[in-house]
>>> print(open('coords_28.csv').read())   # CSV, C-alpha atoms
chain,number,residue,atom,x,y,z
A,1,MET,CA,58.9,-77.3,-60.6
A,2,LEU,CA,58.4,-81.0,-61.2
A,3,SER,CA,59.7,-81.0,-64.7
A,4,ASN,CA,62.8,-79.1,-63.5
A,5,ILE,CA,63.6,-81.7,-60.9
A,6,GLY,CA,63.0,-84.4,-63.4
A,7,ARG,CA,65.3,-82.9,-65.9
A,8,LEU,CA,68.0,-82.4,-63.3
A,9,GLU,CA,67.7,-86.0,-62.2
A,10,ILE,CA,68.0,-87.2,-65.8
A,11,ILE,CA,71.1,-85.2,-66.3
A,12,MET,CA,72.6,-86.3,-63.0
A,13,LEU,CA,72.1,-89.9,-64.0
A,14,ALA,CA,72.9,-89.7,-67.7
A,15,GLY,CA,76.1,-87.6,-67.4
A,16,PRO,CA,78.0,-89.9,-65.1
A,17,ALA,CA,76.6,-93.0,-66.8
A,18,ILE,CA,77.9,-91.8,-70.2
A,19,MET,CA,81.2,-90.9,-68.7
A,20,PHE,CA,81.4,-94.3,-67.0
A,21,LEU,CA,81.0,-95.9,-70.4
A,22,VAL,CA,83.5,-93.5,-72.0
A,23,VAL,CA,86.1,-94.5,-69.4
A,24,LEU,CA,85.5,-98.2,-70.0
A,25,GLU,CA,85.8,-97.7,-73.7
A,26,MET,CA,89.1,-95.8,-73.3
A,27,VAL,CA,90.5,-98.6,-71.2
A,28,ARG,CA,89.3,-101.2,-73.8
A,29,ARG,CA,91.1,-99.3,-76.6
A,30,GLN,CA,94.2,-98.9,-74.4
A,31,ARG,CA,93.8,-95.1,-74.4
A,32,LEU,CA,93.7,-95.2,-70.6
A,33,ARG,CA,95.6,-97.4,-68.3
A,34,GLU,CA,93.5,-99.6,-65.9
A,35,ASP,CA,95.1,-98.3,-62.8
A,36,TYR,CA,94.4,-94.7,-63.7
A,37,SER,CA,90.9,-95.5,-64.7
A,38,LEU,CA,89.9,-96.9,-61.3
A,39,LEU,CA,89.5,-93.5,-59.6
A,40,TRP,CA,87.5,-92.2,-62.5
A,41,LEU,CA,85.2,-95.3,-62.5
A,42,ALA,CA,84.8,-95.0,-58.7
A,43,THR,CA,83.9,-91.3,-59.1
A,44,PHE,CA,81.2,-91.9,-61.8
A,45,GLY,CA,80.0,-95.0,-60.0
A,46,VAL,CA,79.3,-93.1,-56.8
A,47,LEU,CA,77.5,-90.3,-58.8
A,48,ILE,CA,75.4,-92.9,-60.6
A,49,VAL,CA,74.4,-94.6,-57.3
A,50,LEU,CA,73.5,-91.3,-55.7
A,51,ALA,CA,71.5,-90.2,-58.7
A,52,LEU,CA,69.5,-93.4,-58.7
A,53,SER,CA,68.8,-93.6,-55.0
A,54,ARG,CA,67.2,-90.4,-53.7
A,55,GLU,CA,67.2,-92.0,-50.2
A,56,MET,CA,70.9,-92.5,-50.2
A,57,LEU,CA,71.5,-88.9,-51.5
A,58,ASP,CA,69.3,-87.6,-48.7
A,59,THR,CA,71.2,-89.6,-46.1
A,60,VAL,CA,74.6,-88.4,-47.4
A,61,ALA,CA,73.3,-84.8,-47.5
A,62,ASP,CA,72.1,-85.1,-44.0
A,63,ILE,CA,75.4,-86.4,-42.8
A,64,ILE,CA,77.3,-83.6,-44.5
A,65,GLY,CA,74.7,-81.1,-43.2
A,66,ILE,CA,73.4,-79.9,-46.6
A,67,VAL,CA,69.8,-78.7,-46.7
A,68,TYR,CA,69.1,-79.2,-50.4
A,69,PRO,CA,70.2,-82.7,-51.2
A,70,PRO,CA,71.1,-82.3,-54.9
A,71,THR,CA,73.8,-79.9,-53.8
A,72,ALA,CA,75.4,-82.8,-52.1
A,73,LEU,CA,76.0,-84.3,-55.5
A,74,PHE,CA,78.1,-81.3,-56.5
A,75,VAL,CA,80.0,-81.4,-53.3
A,76,ILE,CA,80.8,-85.1,-53.7
A,77,ALA,CA,81.7,-84.7,-57.3
A,78,THR,CA,84.1,-81.9,-56.5
A,79,GLY,CA,85.7,-83.9,-53.7
A,80,LEU,CA,86.2,-86.9,-56.0
A,81,THR,CA,87.6,-84.7,-58.8
A,82,LEU,CA,90.1,-83.2,-56.3
A,83,LEU,CA,91.2,-86.8,-55.5
A,84,VAL,CA,91.8,-87.5,-59.2
A,85,LEU,CA,93.8,-84.3,-59.6
A,86,LEU,CA,95.9,-85.2,-56.6
A,87,GLN,CA,96.6,-88.5,-58.1
A,88,PHE,CA,97.7,-86.7,-61.3
A,89,SER,CA,100.2,-84.6,-59.4
A,90,ALA,CA,101.6,-87.7,-57.8
A,91,VAL,CA,102.0,-89.4,-61.1
A,92,ILE,CA,103.6,-86.2,-62.7
A,93,THR,CA,106.0,-86.1,-59.8
A,94,ARG,CA,107.1,-89.7,-60.4
A,95,LEU,CA,107.3,-89.1,-64.2
A,96,SER,CA,109.4,-86.0,-63.8
A,97,ARG,CA,111.8,-87.8,-61.6
A,98,GLN,CA,112.1,-90.7,-64.1
A,99,ASN,CA,112.4,-88.1,-66.9
A,100,LYS,CA,115.3,-86.4,-65.0
A,101,GLN,CA,117.1,-89.6,-64.4
A,102,ALA,CA,116.7,-90.6,-68.1
A,103,ALA,CA,118.1,-87.2,-69.2
A,104,GLN,CA,121.0,-87.5,-66.9
A,105,ARG,CA,121.8,-90.9,-68.2
A,106,ILE,CA,121.6,-89.7,-71.8
A,107,ALA,CA,124.0,-86.9,-71.0
A,108,LEU,CA,126.6,-89.2,-69.4
A,109,LEU,CA,126.2,-91.9,-72.1
A,110,ASP,CA,126.6,-89.2,-74.8
A,111,LEU,CA,129.8,-88.1,-73.2
A,112,GLN,CA,131.1,-91.6,-72.9
A,113,VAL,CA,130.3,-92.3,-76.6
A,114,ARG,CA,132.3,-89.3,-77.6
A,115,GLN,CA,135.2,-90.2,-75.4
A,116,LEU,CA,135.2,-93.8,-76.8
A,117,GLU,CA,135.1,-92.4,-80.4
A,118,GLU,CA,138.0,-90.1,-79.6
A,119,ARG,CA,140.0,-93.0,-78.2
A,120,LEU,CA,139.3,-95.1,-81.3
A,121,ARG,CA,140.3,-92.3,-83.6
A,122,GLN,CA,143.6,-91.9,-81.8
A,123,GLY,CA,144.4,-95.6,-82.5
A,124,SER,CA,144.8,-98.6,-80.2
A,125,PRO,CA,143.4,-98.0,-76.7
A,126,SER,CA,146.6,-99.4,-75.1
A,127,GLU,CA,148.8,-96.8,-76.6
A,128,THR,CA,148.0,-94.0,-74.1
A,129,SER,CA,145.7,-94.1,-71.1
A,130,PRO,CA,143.2,-91.3,-71.4
A,131,PRO,CA,143.2,-88.8,-68.5
A,132,SER,CA,139.7,-89.3,-67.5
A,133,GLY,CA,139.4,-93.1,-68.1
A,134,GLU,CA,138.4,-95.5,-65.4
B,1,MET,CA,136.2,-49.2,-53.8
B,2,GLY,CA,139.8,-49.3,-52.7
B,3,GLN,CA,139.1,-52.4,-50.8
B,4,GLN,CA,137.6,-54.1,-53.8
B,5,VAL,CA,140.7,-53.4,-55.9
B,6,ALA,CA,142.9,-54.7,-53.1
B,7,THR,CA,141.1,-58.0,-52.9
B,8,GLN,CA,141.1,-58.4,-56.6
B,9,SER,CA,144.8,-57.8,-56.9
B,10,SER,CA,145.5,-60.2,-54.0
B,11,SER,CA,143.5,-62.9,-55.7
B,12,LEU,CA,145.6,-62.3,-58.8
B,13,HIS,CA,148.8,-62.8,-56.8
B,14,SER,CA,147.8,-65.9,-54.9
B,15,PRO,CA,147.2,-68.2,-57.9
B,16,ALA,CA,150.8,-68.8,-58.6
B,17,GLU,CA,151.7,-69.9,-55.0
B,18,SER,CA,148.5,-71.8,-54.3
B,19,ALA,CA,148.4,-73.5,-57.7
B,20,GLY,CA,151.9,-74.6,-57.3
B,21,SER,CA,151.5,-76.1,-53.8
B,22,LEU,CA,148.2,-77.6,-54.8
B,23,ALA,CA,149.6,-79.3,-57.9
B,24,GLU,CA,152.3,-80.8,-55.7
B,25,ALA,CA,149.8,-81.7,-53.0
B,26,SER,CA,147.4,-83.4,-55.4
B,27,SER,CA,150.0,-85.2,-57.4
B,28,SER,CA,151.8,-86.5,-54.3
B,29,THR,CA,148.6,-87.7,-52.8
B,30,GLY,CA,147.2,-88.8,-56.2
B,31,LEU,CA,143.9,-87.2,-55.5
B,32,ARG,CA,141.5,-87.4,-58.5
B,33,MET,CA,139.6,-84.1,-58.7
B,34,LEU,CA,136.7,-83.0,-60.8
B,35,VAL,CA,135.6,-79.4,-61.2
B,36,ILE,CA,131.9,-79.4,-62.2
B,37,ILE,CA,130.7,-76.3,-64.0
B,38,PRO,CA,126.9,-76.2,-64.5
B,39,ALA,CA,126.2,-74.0,-67.5
B,40,PHE,CA,123.0,-72.7,-69.0
B,41,ASN,CA,123.6,-70.3,-71.9
B,42,GLU,CA,127.0,-69.1,-70.6
B,43,GLU,CA,128.9,-68.9,-74.0
B,44,HIS,CA,130.2,-65.5,-73.1
B,45,SER,CA,131.6,-66.2,-69.7
B,46,LEU,CA,132.5,-69.8,-69.9
B,47,ALA,CA,135.9,-69.8,-71.7
B,48,PRO,CA,137.7,-67.6,-69.1
B,49,VAL,CA,136.2,-69.5,-66.2
B,50,ILE,CA,137.5,-72.8,-67.6
B,51,GLU,CA,140.9,-71.3,-68.4
B,52,GLN,CA,141.2,-70.1,-64.8
B,53,VAL,CA,140.1,-73.4,-63.4
B,54,ARG,CA,142.7,-75.3,-65.4
B,55,ASP,CA,145.3,-72.8,-64.4
B,56,ALA,CA,144.4,-73.0,-60.7
B,57,LEU,CA,144.0,-76.8,-60.5
B,58,PRO,CA,146.1,-78.2,-63.4
B,59,THR,CA,145.6,-81.8,-62.3
B,60,ALA,CA,141.8,-81.6,-62.0
B,61,ASP,CA,139.5,-82.7,-64.8
B,62,VAL,CA,136.9,-80.1,-65.8
B,63,LEU,CA,133.3,-81.2,-66.6
B,64,VAL,CA,130.9,-78.7,-68.0
B,65,VAL,CA,127.3,-80.0,-67.6
B,66,ASN,CA,125.4,-78.1,-70.3
B,67,ASP,CA,121.8,-77.7,-69.1
B,68,GLY,CA,120.1,-77.8,-72.5
B,69,SER,CA,121.7,-74.4,-73.6
B,70,THR,CA,120.4,-72.9,-76.8
B,71,ASP,CA,123.6,-71.0,-77.5
B,72,GLN,CA,127.2,-72.2,-78.1
B,73,THR,CA,127.9,-73.2,-74.5
B,74,ALA,CA,128.8,-76.8,-75.4
B,75,GLU,CA,131.1,-75.8,-78.3
B,76,VAL,CA,132.8,-73.1,-76.2
B,77,ALA,CA,133.4,-75.6,-73.4
B,78,ALA,CA,134.8,-78.3,-75.7
B,79,ARG,CA,137.1,-75.8,-77.4
B,80,SER,CA,138.4,-74.8,-74.0
B,81,GLY,CA,139.3,-78.4,-73.3
B,82,ALA,CA,136.6,-79.3,-70.8
B,83,LEU,CA,134.7,-82.5,-70.8
B,84,VAL,CA,131.1,-81.7,-71.8
B,85,ALA,CA,128.0,-83.6,-70.8
B,86,THR,CA,124.9,-82.1,-72.5
B,87,LEU,CA,121.5,-82.7,-71.0
B,88,PRO,CA,118.9,-83.1,-73.8
B,89,PHE,CA,116.7,-80.4,-72.3
B,90,ASN,CA,116.8,-77.8,-69.5
B,91,LEU,CA,116.5,-79.5,-66.1
B,92,GLY,CA,117.5,-76.8,-63.7
B,93,ILE,CA,120.7,-76.3,-61.6
B,94,GLY,CA,120.0,-79.1,-59.1
B,95,SER,CA,119.6,-81.9,-61.6
B,96,THR,CA,122.5,-80.4,-63.6
B,97,MET,CA,124.8,-80.6,-60.6
B,98,GLN,CA,123.6,-84.1,-59.9
B,99,THR,CA,124.7,-85.1,-63.3
B,100,GLY,CA,128.2,-84.0,-62.4
B,101,PHE,CA,128.0,-86.0,-59.1
B,102,LEU,CA,126.9,-89.1,-61.0
B,103,TYR,CA,129.9,-88.7,-63.3
B,104,ALA,CA,132.2,-88.1,-60.3
B,105,ARG,CA,130.9,-91.2,-58.5
B,106,GLU,CA,131.0,-93.4,-61.6
B,107,HIS,CA,134.6,-92.4,-62.4
B,108,GLY,CA,135.8,-92.7,-58.8
B,109,TYR,CA,136.8,-89.0,-58.2
B,110,ASP,CA,138.0,-88.2,-54.7
B,111,VAL,CA,137.0,-84.6,-54.7
B,112,ALA,CA,134.4,-82.6,-56.6
B,113,PHE,CA,134.1,-78.9,-56.9
B,114,GLN,CA,131.3,-76.6,-58.2
B,115,VAL,CA,132.3,-73.5,-60.0
B,116,ASP,CA,129.5,-71.4,-61.6
B,117,GLY,CA,129.9,-70.7,-65.3
B,118,ASP,CA,129.1,-67.0,-65.0
B,119,GLY,CA,132.4,-65.9,-63.4
B,120,GLN,CA,131.0,-65.1,-60.0
B,121,HIS,CA,133.3,-67.6,-58.3
B,122,ASP,CA,137.1,-67.1,-58.2
B,123,PRO,CA,138.7,-70.4,-59.4
B,124,TYR,CA,141.9,-69.5,-57.7
B,125,GLU,CA,140.1,-70.0,-54.4
B,126,LEU,CA,139.4,-73.6,-55.3
B,127,GLY,CA,142.8,-74.3,-53.6
B,128,GLU,CA,141.5,-73.0,-50.3
B,129,LEU,CA,138.4,-75.2,-50.5
B,130,LEU,CA,140.7,-78.2,-51.2
B,131,GLN,CA,143.0,-77.4,-48.3
B,132,MET,CA,140.1,-77.1,-45.9
B,133,LEU,CA,138.7,-80.4,-47.1
B,134,HIS,CA,142.1,-81.9,-46.3
B,135,ARG,CA,142.7,-80.1,-43.0
B,136,SER,CA,139.3,-80.3,-41.4
B,137,ASP,CA,137.2,-83.3,-40.9
B,138,ALA,CA,134.4,-81.8,-43.0
B,139,ASP,CA,132.9,-83.7,-46.0
B,140,VAL,CA,131.7,-80.5,-47.7
B,141,ILE,CA,133.4,-77.1,-47.8
B,142,ILE,CA,131.2,-74.1,-48.7
B,143,GLY,CA,132.7,-70.8,-49.8
B,144,SER,CA,130.8,-67.9,-48.0
B,145,ARG,CA,130.8,-64.3,-49.2
B,146,TYR,CA,129.6,-63.1,-45.8
B,147,ILE,CA,132.1,-64.4,-43.2
B,148,GLU,CA,134.6,-61.7,-44.1
B,149,ASP,CA,133.7,-58.5,-45.8
B,150,ARG,CA,135.7,-58.6,-49.1
B,151,GLY,CA,133.8,-56.0,-50.8
B,152,TYR,CA,131.0,-58.1,-52.3
B,153,ILE,CA,127.9,-56.0,-52.7
B,154,THR,CA,124.6,-57.7,-52.4
B,155,PRO,CA,121.3,-55.8,-53.2
B,156,TRP,CA,119.5,-55.3,-49.8
B,157,GLN,CA,116.4,-57.3,-50.9
B,158,ARG,CA,118.5,-60.3,-51.6
B,159,ARG,CA,120.6,-59.8,-48.5
B,160,ILE,CA,117.5,-59.9,-46.4
B,161,GLY,CA,116.4,-63.1,-48.1
B,162,ILE,CA,119.8,-64.7,-47.6
B,163,VAL,CA,119.9,-63.7,-43.9
B,164,ILE,CA,116.5,-65.2,-43.3
B,165,LEU,CA,117.5,-68.4,-45.0
B,166,ALA,CA,120.8,-68.5,-43.2
B,167,ARG,CA,119.0,-68.1,-39.8
B,168,LEU,CA,116.4,-70.7,-40.6
B,169,ILE,CA,118.9,-73.3,-41.8
B,170,SER,CA,121.3,-72.6,-38.9
B,171,ILE,CA,118.5,-73.3,-36.5
B,172,ALA,CA,117.3,-76.3,-38.5
B,173,VAL,CA,120.7,-78.0,-38.5
B,174,ARG,CA,122.1,-76.5,-35.3
B,175,GLN,CA,125.2,-75.1,-37.0
B,176,ARG,CA,125.8,-71.6,-38.1
B,177,PHE,CA,125.7,-70.9,-41.8
B,178,THR,CA,126.2,-67.4,-43.3
B,179,ASP,CA,125.8,-68.0,-47.0
B,180,PRO,CA,123.5,-70.9,-47.7
B,181,THR,CA,122.9,-69.9,-51.3
B,182,SER,CA,126.6,-70.1,-52.2
B,183,GLY,CA,127.3,-72.7,-54.9
B,184,PHE,CA,131.1,-72.5,-54.5
B,185,ARG,CA,131.7,-75.8,-52.8
B,186,ALA,CA,133.9,-78.8,-52.5
B,187,TRP,CA,132.7,-82.4,-51.8
B,188,ASN,CA,134.6,-85.5,-50.7
B,189,ARG,CA,133.8,-89.0,-51.8
B,190,GLN,CA,131.2,-89.6,-49.2
B,191,ALA,CA,129.4,-86.4,-50.0
B,192,ILE,CA,129.7,-87.0,-53.8
B,193,ALA,CA,128.0,-90.4,-53.3
B,194,PHE,CA,125.2,-88.9,-51.2
B,195,CYS,CA,124.6,-86.1,-53.7
B,196,ALA,CA,124.6,-88.5,-56.7
B,197,GLU,CA,121.7,-90.3,-55.0
B,198,ASP,CA,119.9,-87.3,-53.5
B,199,TYR,CA,120.2,-83.7,-54.6
B,200,PRO,CA,117.3,-81.2,-54.8
B,201,PHE,CA,115.6,-80.4,-58.1
B,202,ASP,CA,115.8,-76.6,-58.2
B,203,TYR,CA,117.4,-74.0,-55.9
B,204,PRO,CA,119.4,-76.8,-54.4
B,205,GLU,CA,122.1,-75.0,-52.4
B,206,PRO,CA,120.2,-74.2,-49.1
B,207,GLU,CA,118.2,-77.4,-49.1
B,208,SER,CA,121.2,-79.6,-49.7
B,209,ILE,CA,122.9,-78.2,-46.5
B,210,VAL,CA,119.9,-79.7,-44.6
B,211,THR,CA,119.8,-83.0,-46.5
B,212,LEU,CA,123.6,-83.5,-46.1
B,213,ARG,CA,123.6,-82.6,-42.4
B,214,ARG,CA,120.7,-84.9,-41.7
B,215,ALA,CA,122.5,-87.7,-43.5
B,216,GLY,CA,125.3,-87.2,-40.9
B,217,LEU,CA,127.8,-85.5,-43.2
B,218,ARG,CA,129.8,-82.6,-41.9
B,219,LEU,CA,129.9,-79.2,-43.6
B,220,LEU,CA,132.2,-76.2,-43.1
B,221,GLU,CA,132.0,-72.6,-44.4
B,222,ILE,CA,135.1,-70.7,-45.2
B,223,PRO,CA,135.4,-67.0,-46.4
B,224,VAL,CA,135.8,-66.5,-50.2
B,225,THR,CA,135.6,-63.6,-52.6
B,226,MET,CA,132.9,-63.4,-55.2
B,227,HIS,CA,132.8,-61.2,-58.3
B,228,PRO,CA,129.9,-59.7,-60.2
B,229,ARG,CA,129.0,-62.0,-63.1
B,230,TYR,CA,130.8,-61.7,-66.4
B,231,GLY,CA,127.8,-62.1,-68.6
B,232,GLY,CA,124.4,-63.7,-68.8
B,233,GLN,CA,121.6,-63.1,-66.4
B,234,SER,CA,120.9,-64.2,-62.9
B,235,SER,CA,118.1,-66.7,-62.9
B,236,ILE,CA,116.6,-64.9,-60.0
B,237,THR,CA,113.9,-62.3,-60.9
B,238,PRO,CA,111.6,-60.6,-58.2
B,239,VAL,CA,108.8,-63.1,-58.7
B,240,ARG,CA,111.2,-66.0,-58.7
B,241,SER,CA,112.9,-64.7,-55.5
B,242,ALA,CA,109.5,-64.9,-53.7
B,243,TYR,CA,109.0,-68.4,-55.1
B,244,TYR,CA,112.6,-69.2,-54.2
B,245,MET,CA,112.0,-68.2,-50.5
B,246,VAL,CA,108.8,-70.1,-50.2
B,247,LYS,CA,110.1,-73.2,-51.9
B,248,VAL,CA,113.3,-73.4,-50.0
B,249,ILE,CA,111.7,-72.7,-46.6
B,250,MET,CA,109.1,-75.3,-47.3
B,251,SER,CA,111.6,-77.9,-48.3
B,252,VAL,CA,113.8,-77.2,-45.3
B,253,LEU,CA,110.8,-77.6,-43.0
B,254,ILE,CA,109.6,-80.8,-44.8
B,255,ASN,CA,113.1,-82.2,-44.6
B,256,LEU,CA,112.9,-81.8,-40.8
B,257,LEU,CA,109.7,-83.9,-40.8
B,258,ARG,CA,111.5,-86.8,-42.7
B,259,GLU,CA,113.2,-89.5,-40.8
B,260,LYS,CA,116.9,-89.1,-40.4
B,261,GLY,CA,118.8,-90.9,-43.2
>>> encode(input="coords_28.csv", output="structure tokens")
Amino acid sequence: MLSNIGRLEIIMLAGPAIMFLVVLEMVRRQRLREDYSLLWLATFGVLIVLALSREMLDTVADIIGIVYPPTALFVIATGLTLLVLLQFSAVITRLSRQNKQAAQRIALLDLQVRQLEERLRQGSPSETSPPSGE
Amino acid sequence: MGQQVATQSSSLHSPAESAGSLAEASSSTGLRMLVIIPAFNEEHSLAPVIEQVRDALPTADVLVVNDGSTDQTAEVAARSGALVATLPFNLGIGSTMQTGFLYAREHGYDVAFQVDGDGQHDPYELGELLQMLHRSDADVIIGSRYIEDRGYITPWQRRIGIVILARLISIAVRQRFTDPTSGFRAWNRQAIAFCAEDYPFDYPEPESIVTLRRAGLRLLEIPVTMHPRYGGQSSITPVRSAYYMVKVIMSVLINLLREKG
């Protein structure tokens, strides 16, 4: 019994602590942007604090209404993970909009380049005004 | 059946008159018109569509927006004498049309039309859209299959979906619409400018009725004839229709929660 709880507590502390360092290292190597790392660091930070302080975990579990306090850790971890995922969806939404606008710009510029090439090939631009020119 | 034949032959007669009067009308007013044809893998149906559009509206420019097709769509369009803007990858019909609106706005067109590349729309009816745009005070004219029965047969499952959408949108914008999924439309300058800025990503037709109305633009439906497609496949499969309904209903409702533009 005792050894079981001890092992769980070690894992509960070591897991988030290692992940916290991994995130910091990724930011240092510029594999992860600072702004996206914040939510991760907060997530692992909270888990570390709760794993260190049984009192705090008990209080939090009591507030949520969880009888067996370590379960509160999972609940909180799940909640924070959902937050990170929501942030991802928001970022993807923004990226896809920017991606769309870039693709549209490429299509229109590509058309413009071909029109200009055509005009050059036909000789001086003053000769005839093209039908779809400005 | 007899009725279908009759409508088809009448639409074969009308082009000469309507094209003639339109050519006069547009050249006298100096209207600059752009027909936008969104196309995704339409190499088999595109050439006759472009030909009919050029025949129906000789003074209009034709822009095919190629939505990252993997077939010869771009080549077919260019050979038919259309302007071709090719998206580097598939973006969906909404963003494809928006590319056309961006082009129309940048080049100062007065009127933009949408004609689908699959042959469903009758280019000879573009003239009717244009005339209504002139005659009414509307900013957008929508061609509807369901105002008059012209023999267009819709599978009942799809009909139910369209009726539900039509009701919902009619209630949402307090104006009756019968065919909110129709892409056969004409836009004036104001509407072009709005759609260049703000046009839905996918399944844009029903949703754009709501966004346009809420931006204070006026829309008007007129009866048109539609044909079965020449080739290619409808992008709407059973699973997608369900997604279509849910997505469109949700975006209509969300639009109502936004502040009026």
>>> closest_atom_pairs(input="coords_28.csv", of="chain A", to="chain B", cutoff="10 Å", atoms="all atoms listed in the file", output="JSON lines")
{"residue": "A:Ser96", "atom": "CA", "partner": "B:Leu91", "partner_atom": "CA", "distance": 9.9}
{"residue": "A:Arg97", "atom": "CA", "partner": "B:Phe201", "partner_atom": "CA", "distance": 9.0}
{"residue": "A:Asn99", "atom": "CA", "partner": "B:Leu91", "partner_atom": "CA", "distance": 9.6}
{"residue": "A:Lys100", "atom": "CA", "partner": "B:Leu91", "partner_atom": "CA", "distance": 7.1}
{"residue": "A:Gln101", "atom": "CA", "partner": "B:Ser95", "partner_atom": "CA", "distance": 8.6}
{"residue": "A:Ala102", "atom": "CA", "partner": "B:Pro88", "partner_atom": "CA", "distance": 9.7}
{"residue": "A:Ala103", "atom": "CA", "partner": "B:Leu87", "partner_atom": "CA", "distance": 5.9}
{"residue": "A:Gln104", "atom": "CA", "partner": "B:Thr99", "partner_atom": "CA", "distance": 5.7}
{"residue": "A:Arg105", "atom": "CA", "partner": "B:Thr99", "partner_atom": "CA", "distance": 8.1}
{"residue": "A:Ile106", "atom": "CA", "partner": "B:Leu87", "partner_atom": "CA", "distance": 7.0}
{"residue": "A:Ala107", "atom": "CA", "partner": "B:Leu87", "partner_atom": "CA", "distance": 4.9}
{"residue": "A:Leu108", "atom": "CA", "partner": "B:Ala85", "partner_atom": "CA", "distance": 5.9}
{"residue": "A:Leu109", "atom": "CA", "partner": "B:Ala85", "partner_atom": "CA", "distance": 8.6}
{"residue": "A:Asp110", "atom": "CA", "partner": "B:Ala85", "partner_atom": "CA", "distance": 7.0}
{"residue": "A:Leu111", "atom": "CA", "partner": "B:Ala85", "partner_atom": "CA", "distance": 5.4}
{"residue": "A:Gln112", "atom": "CA", "partner": "B:Ala85", "partner_atom": "CA", "distance": 8.8}
{"residue": "A:Arg114", "atom": "CA", "partner": "B:Val84", "partner_atom": "CA", "distance": 9.6}
{"residue": "A:Gln115", "atom": "CA", "partner": "B:Leu83", "partner_atom": "CA", "distance": 9.0}
{"residue": "A:Pro131", "atom": "CA", "partner": "B:Asp61", "partner_atom": "CA", "distance": 8.0}
{"residue": "A:Ser132", "atom": "CA", "partner": "B:Asp61", "partner_atom": "CA", "distance": 7.1}
{"residue": "A:Gly133", "atom": "CA", "partner": "B:His107", "partner_atom": "CA", "distance": 7.5}
{"residue": "A:Glu134", "atom": "CA", "partner": "B:His107", "partner_atom": "CA", "distance": 5.7}
>>> write_last_selection(input="coords_28.csv", atoms="C-alpha atoms", output="PDB file, in the coordinates of the input")
ATOM      1  CA  SER A  96     109.400 -86.000 -63.800  1.00  0.00           C
ATOM      2  CA  ARG A  97     111.800 -87.800 -61.600  1.00  0.00           C
ATOM      3  CA  ASN A  99     112.400 -88.100 -66.900  1.00  0.00           C
ATOM      4  CA  LYS A 100     115.300 -86.400 -65.000  1.00  0.00           C
ATOM      5  CA  GLN A 101     117.100 -89.600 -64.400  1.00  0.00           C
ATOM      6  CA  ALA A 102     116.700 -90.600 -68.100  1.00  0.00           C
ATOM      7  CA  ALA A 103     118.100 -87.200 -69.200  1.00  0.00           C
ATOM      8  CA  GLN A 104     121.000 -87.500 -66.900  1.00  0.00           C
ATOM      9  CA  ARG A 105     121.800 -90.900 -68.200  1.00  0.00           C
ATOM     10  CA  ILE A 106     121.600 -89.700 -71.800  1.00  0.00           C
ATOM     11  CA  ALA A 107     124.000 -86.900 -71.000  1.00  0.00           C
ATOM     12  CA  LEU A 108     126.600 -89.200 -69.400  1.00  0.00           C
ATOM     13  CA  LEU A 109     126.200 -91.900 -72.100  1.00  0.00           C
ATOM     14  CA  ASP A 110     126.600 -89.200 -74.800  1.00  0.00           C
ATOM     15  CA  LEU A 111     129.800 -88.100 -73.200  1.00  0.00           C
ATOM     16  CA  GLN A 112     131.100 -91.600 -72.900  1.00  0.00           C
ATOM     17  CA  ARG A 114     132.300 -89.300 -77.600  1.00  0.00           C
ATOM     18  CA  GLN A 115     135.200 -90.200 -75.400  1.00  0.00           C
ATOM     19  CA  PRO A 131     143.200 -88.800 -68.500  1.00  0.00           C
ATOM     20  CA  SER A 132     139.700 -89.300 -67.500  1.00  0.00           C
ATOM     21  CA  GLY A 133     139.400 -93.100 -68.100  1.00  0.00           C
ATOM     22  CA  GLU A 134     138.400 -95.500 -65.400  1.00  0.00           C
TER      23      GLU A 134
END
>>> residues_around(input="coords_28.csv", residues="stretch 44-50 of chain B", least_positions_apart="5", cutoff="12 Å", atoms="only C-alpha atoms", output="NGL selection string")
:B and (35-39 or 55-58 or 60-66 or 71-84 or 114-124 or 227-233)
>>> residues_around(input="coords_28.csv", residues="stretch 5-9 of chain A", least_positions_apart="3", cutoff="12 Å", atoms="only C-alpha atoms", output="NGL selection string")
:A and (1-2 or 12-16 or 47-54 or 57 or 69-71 or 73)
>>> atom_distance(input="coords_28.csv", atom1="atom CA of B:Ile169", atom2="atom CA of B:Arg145")
16.7 Å
>>> residues_around(input="coords_28.csv", residues="stretch 170-185 of chain B", least_positions_apart="3", cutoff="10 Å", atoms="only C-alpha atoms", output="PyMOL selection string")
chain B and resi 35+112-116+120-123+125-126+129-130+140-147+159+161-167+203-214+219-224+226+252-253+255-256
>>> residues_around(input="coords_28.csv", residues="A:Gly79", least_positions_apart="4", cutoff="12 Å", atoms="only C-alpha atoms", output="list in words")
Leu39, Thr43, Val46, Leu47, Ala72, Leu73, Phe74, Val75, Leu83, Val84, Leu85 and Leu86 of chain A
>>> atom_distance(input="coords_28.csv", atom1="atom CA of B:Tyr243", atom2="atom CA of A:Ala90")
20.8 Å
>>> atom_distance(input="coords_28.csv", atom1="atom CA of B:Asp139", atom2="atom CA of B:Phe194")
10.6 Å
